[in-house]
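K.L.:
Just so it is clear, I am handing over work19.cif, which has mmCIF, C-alpha atoms.
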data_start
loop_
_atom_site.group_PDB
_atom_site.id
_atom_site.type_symbol
_atom_site.label_atom_id
_atom_site.label_comp_id
_atom_site.auth_asym_id
_atom_site.auth_seq_id
_atom_site.Cartn_x
_atom_site.Cartn_y
_atom_site.Cartn_z
ATOM 1 C CA MET A 1 -21.471 -27.559 -22.775
ATOM 2 C CA GLN A 2 -18.829 -29.333 -24.854
ATOM 3 C CA GLN A 3 -15.900 -31.204 -23.301
ATOM 4 C CA THR A 4 -13.487 -28.276 -23.579
ATOM 5 C CA GLY A 5 -15.946 -26.167 -21.636
ATOM 6 C CA LYS A 6 -16.060 -28.811 -18.921
ATOM 7 C CA ILE A 7 -12.265 -28.711 -18.634
ATOM 8 C CA VAL A 8 -12.384 -25.235 -17.169
ATOM 9 C CA ALA A 9 -15.919 -25.128 -15.761
ATOM 10 C CA ALA A 10 -14.893 -25.685 -12.134
ATOM 11 C CA VAL A 11 -12.290 -22.943 -12.003
ATOM 12 C CA LEU A 12 -14.142 -20.482 -14.238
ATOM 13 C CA ILE A 13 -17.306 -20.669 -12.165
ATOM 14 C CA LEU A 14 -15.201 -19.306 -9.327
ATOM 15 C CA PHE A 15 -13.592 -16.617 -11.467
ATOM 16 C CA MET A 16 -17.002 -15.864 -12.906
ATOM 17 C CA VAL A 17 -18.177 -14.436 -9.640
ATOM 18 C CA SER A 18 -14.772 -13.133 -8.698
ATOM 19 C CA ALA A 19 -14.508 -10.873 -11.694
ATOM 20 C CA CYS A 20 -17.733 -9.168 -10.675
ATOM 21 C CA ALA A 21 -16.113 -7.888 -7.511
ATOM 22 C CA SER A 22 -15.906 -4.270 -6.505
ATOM 23 C CA SER A 23 -12.294 -3.088 -6.393
ATOM 24 C CA LYS A 24 -12.869 0.106 -4.412
ATOM 25 C CA LYS A 25 -10.525 0.887 -1.535
ATOM 26 C CA ASN A 26 -12.259 1.599 1.766
ATOM 27 C CA ARG A 27 -11.088 2.502 5.223
ATOM 28 C CA HIS A 28 -10.806 -0.522 7.514
ATOM 29 C CA THR A 29 -12.588 -0.122 10.829
ATOM 30 C CA ILE A 30 -12.653 -3.611 12.361
ATOM 31 C CA GLU A 31 -12.317 -3.311 16.134
ATOM 32 C CA ALA A 32 -10.514 -5.768 18.392
ATOM 33 C CA LYS A 33 -12.664 -7.439 21.028
ATOM 34 C CA ASP A 34 -9.589 -8.245 23.145
ATOM 35 C CA PRO A 35 -6.877 -5.585 22.575
ATOM 36 C CA GLY A 36 -4.552 -7.280 25.049
ATOM 37 C CA ALA A 37 -4.282 -10.501 23.060
ATOM 38 C CA VAL A 38 -2.180 -9.013 20.229
ATOM 39 C CA ASP A 39 -1.448 -5.584 18.789
ATOM 40 C CA TYR A 40 -4.485 -6.076 16.610
ATOM 41 C CA GLU A 41 -4.574 -2.710 14.876
ATOM 42 C CA MET A 42 -0.882 -2.825 13.964
ATOM 43 C CA GLU A 43 -1.090 -6.387 12.668
ATOM 44 C CA MET A 44 -4.204 -5.717 10.628
ATOM 45 C CA SER A 45 -2.627 -2.594 9.109
ATOM 46 C CA ARG A 46 0.223 -4.800 7.834
ATOM 47 C CA VAL A 47 -2.296 -7.232 6.387
ATOM 48 C CA PHE A 48 -4.265 -4.482 4.637
ATOM 49 C CA GLU A 49 -1.048 -3.037 3.174
ATOM 50 C CA ASN A 50 -0.532 -6.352 1.376
ATOM 51 C CA ASN A 51 -3.887 -6.148 -0.446
ATOM 52 C CA PHE A 52 -3.257 -5.801 -4.172
ATOM 53 C CA VAL A 53 -6.385 -6.752 -6.164
ATOM 54 C CA ALA A 54 -7.791 -3.188 -6.213
ATOM 55 C CA GLU A 55 -4.679 -1.988 -8.048
ATOM 56 C CA GLY A 56 -5.076 -4.561 -10.807
ATOM 57 C CA PHE A 57 -2.546 -7.241 -11.734
ATOM 58 C CA VAL A 58 -1.351 -9.506 -14.516
ATOM 59 C CA VAL A 59 -0.665 -13.230 -14.164
ATOM 60 C CA GLN A 60 1.816 -13.799 -16.973
ATOM 61 C CA LYS A 61 2.313 -17.469 -16.220
ATOM 62 C CA GLY A 62 0.342 -19.938 -14.137
ATOM 63 C CA THR A 63 -1.128 -23.429 -14.076
ATOM 64 C CA VAL A 64 -4.559 -24.809 -13.162
ATOM 65 C CA GLU A 65 -4.871 -28.364 -11.822
ATOM 66 C CA LEU A 66 -8.355 -29.907 -11.758
ATOM 67 C CA ARG A 67 -9.397 -32.939 -9.717
ATOM 68 C CA GLY A 68 -12.893 -34.413 -9.339
ATOM 69 C CA THR A 69 -14.129 -32.498 -12.382
ATOM 70 C CA PRO A 70 -15.524 -33.984 -15.636
ATOM 71 C CA ILE A 71 -12.051 -33.749 -17.171
ATOM 72 C CA GLU A 72 -9.015 -33.822 -14.893
ATOM 73 C CA GLY A 73 -5.502 -32.616 -15.541
ATOM 74 C CA GLU A 74 -3.223 -29.619 -15.551
ATOM 75 C CA PHE A 75 -3.538 -26.634 -17.871
ATOM 76 C CA SER A 76 -1.734 -23.323 -18.224
ATOM 77 C CA PHE A 77 -3.458 -19.988 -17.740
ATOM 78 C CA ASN A 78 -2.789 -16.270 -17.826
ATOM 79 C CA ALA A 79 -5.007 -13.442 -16.679
ATOM 80 C CA LYS A 80 -5.394 -9.678 -16.495
ATOM 81 C CA VAL A 81 -7.481 -7.926 -13.860
ATOM 82 C CA ASN A 82 -7.600 -4.142 -14.085
ATOM 83 C CA SER A 83 -8.211 -1.587 -11.340
ATOM 84 C CA GLU A 84 -11.907 -1.420 -12.326
ATOM 85 C CA GLY A 85 -12.377 -5.122 -11.562
ATOM 86 C CA ASP A 86 -12.665 -6.186 -15.224
ATOM 87 C CA MET A 87 -10.956 -9.454 -16.177
ATOM 88 C CA VAL A 88 -9.772 -11.535 -19.090
ATOM 89 C CA LEU A 89 -8.544 -15.067 -18.364
ATOM 90 C CA SER A 90 -7.220 -17.609 -20.860
ATOM 91 C CA VAL A 91 -6.845 -21.353 -20.252
ATOM 92 C CA ARG A 92 -4.528 -23.230 -22.604
ATOM 93 C CA GLY A 93 -3.810 -26.864 -23.338
ATOM 94 C CA PRO A 94 -0.891 -28.629 -25.035
ATOM 95 C CA LEU A 95 1.201 -26.591 -27.483
ATOM 96 C CA GLY A 96 -0.291 -23.394 -26.040
ATOM 97 C CA ILE A 97 -3.642 -23.836 -27.810
ATOM 98 C CA GLU A 98 -6.344 -21.767 -26.116
ATOM 99 C CA LEU A 99 -9.180 -23.965 -24.876
ATOM 100 C CA ALA A 100 -11.332 -21.280 -23.298
ATOM 101 C CA ARG A 101 -11.362 -17.595 -22.522
ATOM 102 C CA PHE A 102 -13.316 -15.855 -19.809
ATOM 103 C CA LEU A 103 -14.244 -12.164 -19.990
ATOM 104 C CA THR A 104 -16.001 -9.866 -17.587
ATOM 105 C CA VAL A 105 -16.377 -6.156 -18.248
ATOM 106 C CA GLY A 106 -18.777 -4.057 -16.227
ATOM 107 C CA ASN A 107 -21.897 -6.147 -15.715
ATOM 108 C CA GLU A 108 -21.283 -8.535 -18.639
ATOM 109 C CA VAL A 109 -19.646 -11.958 -18.389
ATOM 110 C CA CYS A 110 -18.710 -14.344 -21.162
ATOM 111 C CA LEU A 111 -17.150 -17.801 -21.456
ATOM 112 C CA ILE A 112 -15.712 -18.517 -24.909
ATOM 113 C CA GLU A 113 -15.227 -22.203 -25.702
ATOM 114 C CA ARG A 114 -12.840 -22.333 -28.608
ATOM 115 C CA LEU A 115 -13.016 -25.903 -29.918
ATOM 116 C CA GLY A 116 -16.793 -26.095 -29.596
ATOM 117 C CA ARG A 117 -17.071 -22.597 -31.076
ATOM 118 C CA THR A 118 -19.647 -21.646 -28.440
ATOM 119 C CA VAL A 119 -20.066 -18.450 -26.457
ATOM 120 C CA TYR A 120 -21.826 -18.499 -23.074
ATOM 121 C CA LEU A 121 -23.120 -15.055 -22.044
ATOM 122 C CA GLY A 122 -24.516 -13.818 -18.752
ATOM 123 C CA ASN A 123 -25.129 -10.944 -16.365
ATOM 124 C CA LYS A 124 -22.751 -10.646 -13.413
ATOM 125 C CA ASP A 125 -25.445 -9.727 -10.879
ATOM 126 C CA GLU A 126 -27.547 -12.738 -11.845
ATOM 127 C CA VAL A 127 -24.514 -15.045 -11.701
ATOM 128 C CA MET A 128 -23.638 -13.805 -8.224
ATOM 129 C CA ARG A 129 -27.179 -14.329 -6.985
ATOM 130 C CA LYS A 130 -27.284 -17.776 -8.564
ATOM 131 C CA TYR A 131 -24.189 -18.992 -6.737
ATOM 132 C CA GLY A 132 -24.776 -17.099 -3.484
ATOM 133 C CA LEU A 133 -21.177 -15.937 -3.148
ATOM 134 C CA PRO A 134 -19.694 -12.741 -1.674
ATOM 135 C CA GLU A 135 -19.350 -9.881 -4.141
ATOM 136 C CA ASP A 136 -15.642 -9.398 -3.418
ATOM 137 C CA PHE A 137 -14.787 -12.838 -4.767
ATOM 138 C CA THR A 138 -11.766 -11.670 -6.797
ATOM 139 C CA SER A 139 -10.217 -10.567 -3.538
ATOM 140 C CA ILE A 140 -11.266 -13.868 -1.966
ATOM 141 C CA ILE A 141 -9.640 -16.009 -4.651
ATOM 142 C CA PHE A 142 -6.336 -14.145 -4.530
ATOM 143 C CA GLY A 143 -6.170 -13.787 -0.757
ATOM 144 C CA ASP A 144 -6.875 -10.116 -0.039
ATOM 145 C CA THR A 145 -8.466 -9.194 3.282
ATOM 146 C CA PRO A 146 -12.028 -7.791 2.946
ATOM 147 C CA ASP A 147 -12.748 -4.105 3.445
ATOM 148 C CA THR A 148 -15.884 -4.728 5.478
ATOM 149 C CA ARG A 149 -16.117 -4.998 9.249
ATOM 150 C CA ALA A 150 -15.963 -8.535 10.617
ATOM 151 C CA ASP A 151 -18.836 -9.728 12.808
ATOM 152 C CA LYS A 152 -16.273 -10.952 15.355
ATOM 153 C CA PHE A 153 -12.667 -12.001 15.670
ATOM 154 C CA ALA A 154 -10.543 -14.232 17.874
ATOM 155 C CA ILE A 155 -6.924 -15.249 18.394
ATOM 156 C CA ASP A 156 -6.218 -18.992 18.348
ATOM 157 C CA ASN A 157 -3.549 -20.776 20.377
ATOM 158 C CA GLU A 158 -1.013 -20.355 17.550
ATOM 159 C CA GLY A 159 -1.491 -16.588 17.461
ATOM 160 C CA LYS A 160 -3.476 -16.634 14.204
ATOM 161 C CA ILE A 161 -6.262 -14.098 13.773
ATOM 162 C CA ILE A 162 -9.690 -15.591 13.005
ATOM 163 C CA LEU A 163 -12.300 -13.301 11.394
ATOM 164 C CA ASP A 164 -15.975 -14.193 10.936
ATOM 165 C CA TYR A 165 -18.355 -12.650 8.405
ATOM 166 C CA GLY A 166 -21.892 -13.592 7.484
ATOM 167 C CA ASN A 167 -25.284 -12.656 6.136
ATOM 168 C CA GLU A 168 -28.417 -14.475 5.015
ATOM 169 C CA LEU A 169 -26.579 -16.040 2.043
ATOM 170 C CA TYR A 170 -23.242 -17.220 3.416
ATOM 171 C CA HIS A 171 -20.903 -17.565 6.393
ATOM 172 C CA ARG A 172 -17.229 -16.846 5.893
ATOM 173 C CA THR A 173 -14.293 -17.593 8.217
ATOM 174 C CA ILE A 174 -10.851 -16.135 7.495
ATOM 175 C CA THR A 175 -7.567 -17.174 9.119
ATOM 176 C CA ILE A 176 -4.699 -14.666 9.008
ATOM 177 C CA CYS A 177 -1.124 -15.810 9.648
ATOM 178 C CA PRO A 178 0.828 -12.963 11.317
ATOM 179 C CA GLU A 179 4.188 -14.332 10.190
ATOM 180 C CA VAL A 180 3.328 -13.479 6.570
ATOM 181 C CA SER A 181 0.676 -10.781 7.227
ATOM 182 C CA LYS A 182 -1.689 -12.487 4.779
ATOM 183 C CA ILE A 183 -4.732 -14.718 4.785
ATOM 184 C CA CYS A 184 -3.550 -18.331 4.856
ATOM 185 C CA SER A 185 -6.983 -20.003 4.686
ATOM 186 C CA GLN A 186 -10.673 -19.289 4.549
ATOM 187 C CA SER A 187 -13.965 -21.138 4.287
ATOM 188 C CA ILE A 188 -17.224 -20.026 2.700
ATOM 189 C CA ILE A 189 -20.471 -21.817 3.499
ATOM 190 C CA SER A 190 -23.364 -20.852 1.246
ATOM 191 C CA THR A 191 -26.967 -21.660 2.113
ATOM 192 C CA ASP A 192 -28.647 -20.958 -1.236
ATOM 193 C CA PRO A 193 -27.351 -22.748 -3.195
ATOM 194 C CA GLU A 194 -25.830 -25.104 -0.659
ATOM 195 C CA ALA A 195 -22.041 -25.161 -0.978
ATOM 196 C CA MET A 196 -18.921 -25.382 1.169
ATOM 197 C CA ILE A 197 -15.710 -23.961 -0.284
ATOM 198 C CA GLU A 198 -12.316 -24.189 1.423
ATOM 199 C CA ILE A 199 -9.514 -21.986 0.091
ATOM 200 C CA GLY A 200 -5.863 -22.301 1.125
ATOM 201 C CA PHE A 201 -2.964 -19.940 0.386
ATOM 202 C CA SER A 202 0.742 -20.757 0.545
ATOM 203 C CA GLU A 203 4.178 -20.177 -1.018
ATOM 204 C CA PHE A 204 3.895 -16.410 -0.596
ATOM 205 C CA ARG A 205 5.951 -14.167 -2.850
ATOM 206 C CA GLU A 206 6.551 -10.437 -3.148
ATOM 207 C CA ASN A 207 6.083 -7.946 -5.957
ATOM 208 C CA LYS A 208 6.375 -4.182 -5.475
ATOM 209 C CA ASP A 209 6.554 -4.639 -1.682
ATOM 210 C CA LYS A 210 3.255 -6.527 -1.548
ATOM 211 C CA LYS A 211 2.738 -10.229 -0.884
ATOM 212 C CA TYR A 212 0.656 -12.625 -2.926
ATOM 213 C CA PRO A 213 0.155 -16.412 -2.731
ATOM 214 C CA GLY A 214 2.147 -18.495 -5.184
ATOM 215 C CA GLU A 215 -0.235 -21.418 -4.672
ATOM 216 C CA ILE A 216 -4.001 -21.355 -4.135
ATOM 217 C CA THR A 217 -6.161 -24.416 -3.507
ATOM 218 C CA ILE A 218 -9.944 -24.257 -3.909
ATOM 219 C CA GLU A 219 -11.880 -27.258 -2.640
ATOM 220 C CA GLU A 220 -15.646 -27.746 -2.763
ATOM 221 C CA LYS A 221 -16.439 -30.082 0.123
ATOM 222 C CA LYS A 222 -19.916 -31.184 -0.964
ATOM 223 C CA LYS A 223 -19.301 -31.686 -4.686
ATOM 224 C CA LEU A 224 -15.788 -32.995 -4.011
ATOM 225 C CA PHE A 225 -13.726 -31.132 -6.564
ATOM 226 C CA LEU A 226 -10.316 -29.531 -6.160
ATOM 227 C CA VAL A 227 -8.808 -26.663 -8.123
ATOM 228 C CA ARG A 228 -5.143 -25.807 -7.578
ATOM 229 C CA LEU A 229 -3.779 -22.561 -8.996
ATOM 230 C CA LYS A 230 -0.033 -22.034 -9.189
ATOM 231 C CA ILE A 231 1.123 -18.519 -10.003
ATOM 232 C CA GLU A 232 4.627 -18.614 -11.416
ATOM 233 C CA GLN A 233 4.865 -15.033 -12.629
ATOM 234 C CA LEU A 234 2.716 -12.085 -11.522
ATOM 235 C CA GLU A 235 3.074 -8.327 -11.952
ATOM 236 C CA LEU A 236 1.130 -5.976 -9.690
ATOM 237 C CA GLY A 237 -0.566 -2.855 -11.006
ATOM 238 C CA TYR A 238 -2.761 -2.856 -14.130
ATOM 239 C CA ALA A 239 -5.109 -0.023 -15.113
ATOM 240 C CA HIS A 240 -5.594 -0.559 -18.851
ATOM 241 C CA PRO A 241 -9.126 -1.111 -20.194
ATOM 242 C CA ILE A 242 -10.236 -4.650 -21.058
ATOM 243 C CA GLU A 243 -12.442 -4.908 -24.135
ATOM 244 C CA PHE A 244 -15.500 -7.138 -24.241
ATOM 245 C CA ILE A 245 -14.870 -8.754 -27.639
ATOM 246 C CA VAL A 246 -17.032 -11.791 -28.408
ATOM 247 C CA PRO A 247 -16.450 -13.954 -31.516
ATOM 248 C CA ALA A 248 -19.240 -14.908 -33.913
ATOM 249 C CA TYR A 249 -19.794 -18.349 -32.353
ATOM 250 C CA ARG A 250 -23.027 -20.103 -31.406
ATOM 251 C CA ARG A 251 -24.459 -18.365 -28.322
ATOM 252 C CA GLU A 252 -25.999 -19.782 -25.179
ATOM 253 C CA VAL A 253 -27.029 -18.365 -21.810
ATOM 254 C CA LEU A 254 -24.457 -18.770 -19.043
#
Once you've parsed the file, please lay out its structure as structure tokens.
P.N.:
Amino acid sequence: MQQTGKIVAAVLILFMVSACASSKKNRHTIEAKDPGAVDYEMEMSRVFENNFVAEGFVVQKGTVELRGTPIEGEFSFNAKVNSEGDMVLSVRGPLGIELARFLTVGNEVCLIERLGRTVYLGNKDEVMRKYGLPEDFTSIIFGDTPDTRADKFAIDNEGKIILDYGNELYHRTITICPEVSKICSQSIISTDPEAMIEIGFSEFRENKDKKYPGEITIEEKKKLFLVRLKIEQLELGYAHPIEFIVPAYRREVL
């Protein structure tokens, strides 16, 4: 991969799996193990009401900061995610020149490296298996609470709700902050391949009565890289189709 591809490799590998996520809305049936600790059902209903990824959204203006990656620095980005879970994401350098574009529509994924005039193509299911990450990774990246039942939950001494999920591929711990009714941090430990990702959410904002994080940090503990996303302008609700248009560049397997 050329240098421009390396600029966005760290963040796009996360979006790569995220864009494969299912966006279906399901009924939440997590049960409290200790109902006396907090009004669990009421608090969780507030948290679920703040989920927004399934409705689609547009990031009109944002920045990506990369540290510990082959090329470090800060770049602008914008993105569209529709209600079907399809995505187009553009990363731009100085003077607004597009460095790379990432597309995922249905089961197809594509990274377009502009300056190297190279297209990297792949299959979303294979990418997800390769990186051993949860299939609702779009929701993970943007801080939505999962639709599936947690294996267990607890209340810490600060009143935060701790949810645990896991299977043979990964273990996932989510911390919910009741004061904002959103996830404020989560960790994902993957066994195959081995990885440890810490994600933090802060600077919460509102759009159409739903909350979203204005800043997202993604840190890989073993490979020691940090990705910081800052969302300066976001609009909730996007249902338009996203076309899978690939330029006539040199092609390689993603």
K.L.:
Once the PyMOL selection byres ((chain A and resi 108-122) around 8) has been evaluated on this model, what residues remain selected, and can you format them as a ChimeraX atom specification?
P.N.:
/A:2,4-5,16,98-107,123-124,126-127,246-247,249-254
K.L.:
The selected residues should be written to file as an mmCIF file, keeping the file's coordinate frame (atoms: C-alpha atoms).
P.N.:
data_model
loop_
_atom_site.group_PDB
_atom_site.id
_atom_site.type_symbol
_atom_site.label_atom_id
_atom_site.label_comp_id
_atom_site.auth_asym_id
_atom_site.auth_seq_id
_atom_site.Cartn_x
_atom_site.Cartn_y
_atom_site.Cartn_z
ATOM 1 C CA GLN A 2 -18.829 -29.333 -24.854
ATOM 2 C CA THR A 4 -13.487 -28.276 -23.579
ATOM 3 C CA GLY A 5 -15.946 -26.167 -21.636
ATOM 4 C CA MET A 16 -17.002 -15.864 -12.906
ATOM 5 C CA GLU A 98 -6.344 -21.767 -26.116
ATOM 6 C CA LEU A 99 -9.180 -23.965 -24.876
ATOM 7 C CA ALA A 100 -11.332 -21.280 -23.298
ATOM 8 C CA ARG A 101 -11.362 -17.595 -22.522
ATOM 9 C CA PHE A 102 -13.316 -15.855 -19.809
ATOM 10 C CA LEU A 103 -14.244 -12.164 -19.990
ATOM 11 C CA THR A 104 -16.001 -9.866 -17.587
ATOM 12 C CA VAL A 105 -16.377 -6.156 -18.248
ATOM 13 C CA GLY A 106 -18.777 -4.057 -16.227
ATOM 14 C CA ASN A 107 -21.897 -6.147 -15.715
ATOM 15 C CA ASN A 123 -25.129 -10.944 -16.365
ATOM 16 C CA LYS A 124 -22.751 -10.646 -13.413
ATOM 17 C CA GLU A 126 -27.547 -12.738 -11.845
ATOM 18 C CA VAL A 127 -24.514 -15.045 -11.701
ATOM 19 C CA VAL A 246 -17.032 -11.791 -28.408
ATOM 20 C CA PRO A 247 -16.450 -13.954 -31.516
ATOM 21 C CA TYR A 249 -19.794 -18.349 -32.353
ATOM 22 C CA ARG A 250 -23.027 -20.103 -31.406
ATOM 23 C CA ARG A 251 -24.459 -18.365 -28.322
ATOM 24 C CA GLU A 252 -25.999 -19.782 -25.179
ATOM 25 C CA VAL A 253 -27.029 -18.365 -21.810
ATOM 26 C CA LEU A 254 -24.457 -18.770 -19.043
#
K.L.:
Quick check on the file I pasted: which residues fall under the PyMOL selection byres ((chain A and resi 170) around 6)? Write them as a PyMOL selection string.
P.N.:
chain A and resi 166-167+169+171+189-191
K.L.:
Pull out every residue that the PyMOL selection byres ((chain A and resi 51) around 12) matches in the shown coordinates and put them as number ranges by chain.
P.N.:
A: 23-26, 28, 44-50, 52-57, 138-140, 142-147, 181-183, 206-213, 236-237
K.L.:
Which residue, A:Cys184, A:Ala150, A:Val88, A:Leu226, has the smallest gap to A:Phe244 when you use all atoms listed in the file?
P.N.:
A:Val88
K.L.:
Choose the residue, out of A:Thr175, A:Thr148, A:Gln233, A:Ser90, that has the smallest atom-to-atom separation from A:Lys160; count all atoms listed in the file.
P.N.:
A:Thr175
K.L.:
Just how far from atom CA of A:Tyr40 is atom CA of A:Lys152, in Å to one decimal?
P.N.:
12.8 Å
K.L.:
Could you check how far atom CA of A:Leu229 sits from atom CA of A:Ile188, in Å to one decimal?
P.N.:
18.0 Å
K.L.:
Expressed in Å to a single decimal, how great is the separation between atom CA of A:Pro94 and atom CA of A:Ser76?
P.N.:
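Result for atom CA of A:Pro94 versus atom CA of A:Ser76: 8.7 Å, one decimal.
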K.L.:
Might you pull out every residue within 10 Å of A:Gln60, with all atoms listed in the file counted and same-chain residues fewer than 5 positions away left off, and present them as a list in words?
P.N.:
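Answer for this query is Phe77, Asn78, Ala79, Lys80, Ile231, Glu232, Gln233, Leu234 and Glu235 of chain A.
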K.L.:
Which residue, A:Glu43, A:Gly85, A:Ile141, A:Gly93, has the smallest gap to A:Ile176 when you use all atoms listed in the file?
P.N.:
A:Glu43
K.L.:
Counting all atoms listed in the file, I want the residues whose atoms come within 7 Å of (-13.3, -14.1, 7.7) in the file frame, returned as a list in words.
P.N.:
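The requested residues, written out, are Ala150, Ile162, Leu163, Asp164, Tyr165, Arg172, Thr173, Ile174, Thr175 and Gln186 of chain A.
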K.L.:
Which residue, A:Pro178, A:Ala239, A:Val227, A:Gly68, has the smallest gap to A:Gly200 when you use all atoms listed in the file?
P.N.:
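For A:Gly200, the nearest of the candidates is A:Val227.
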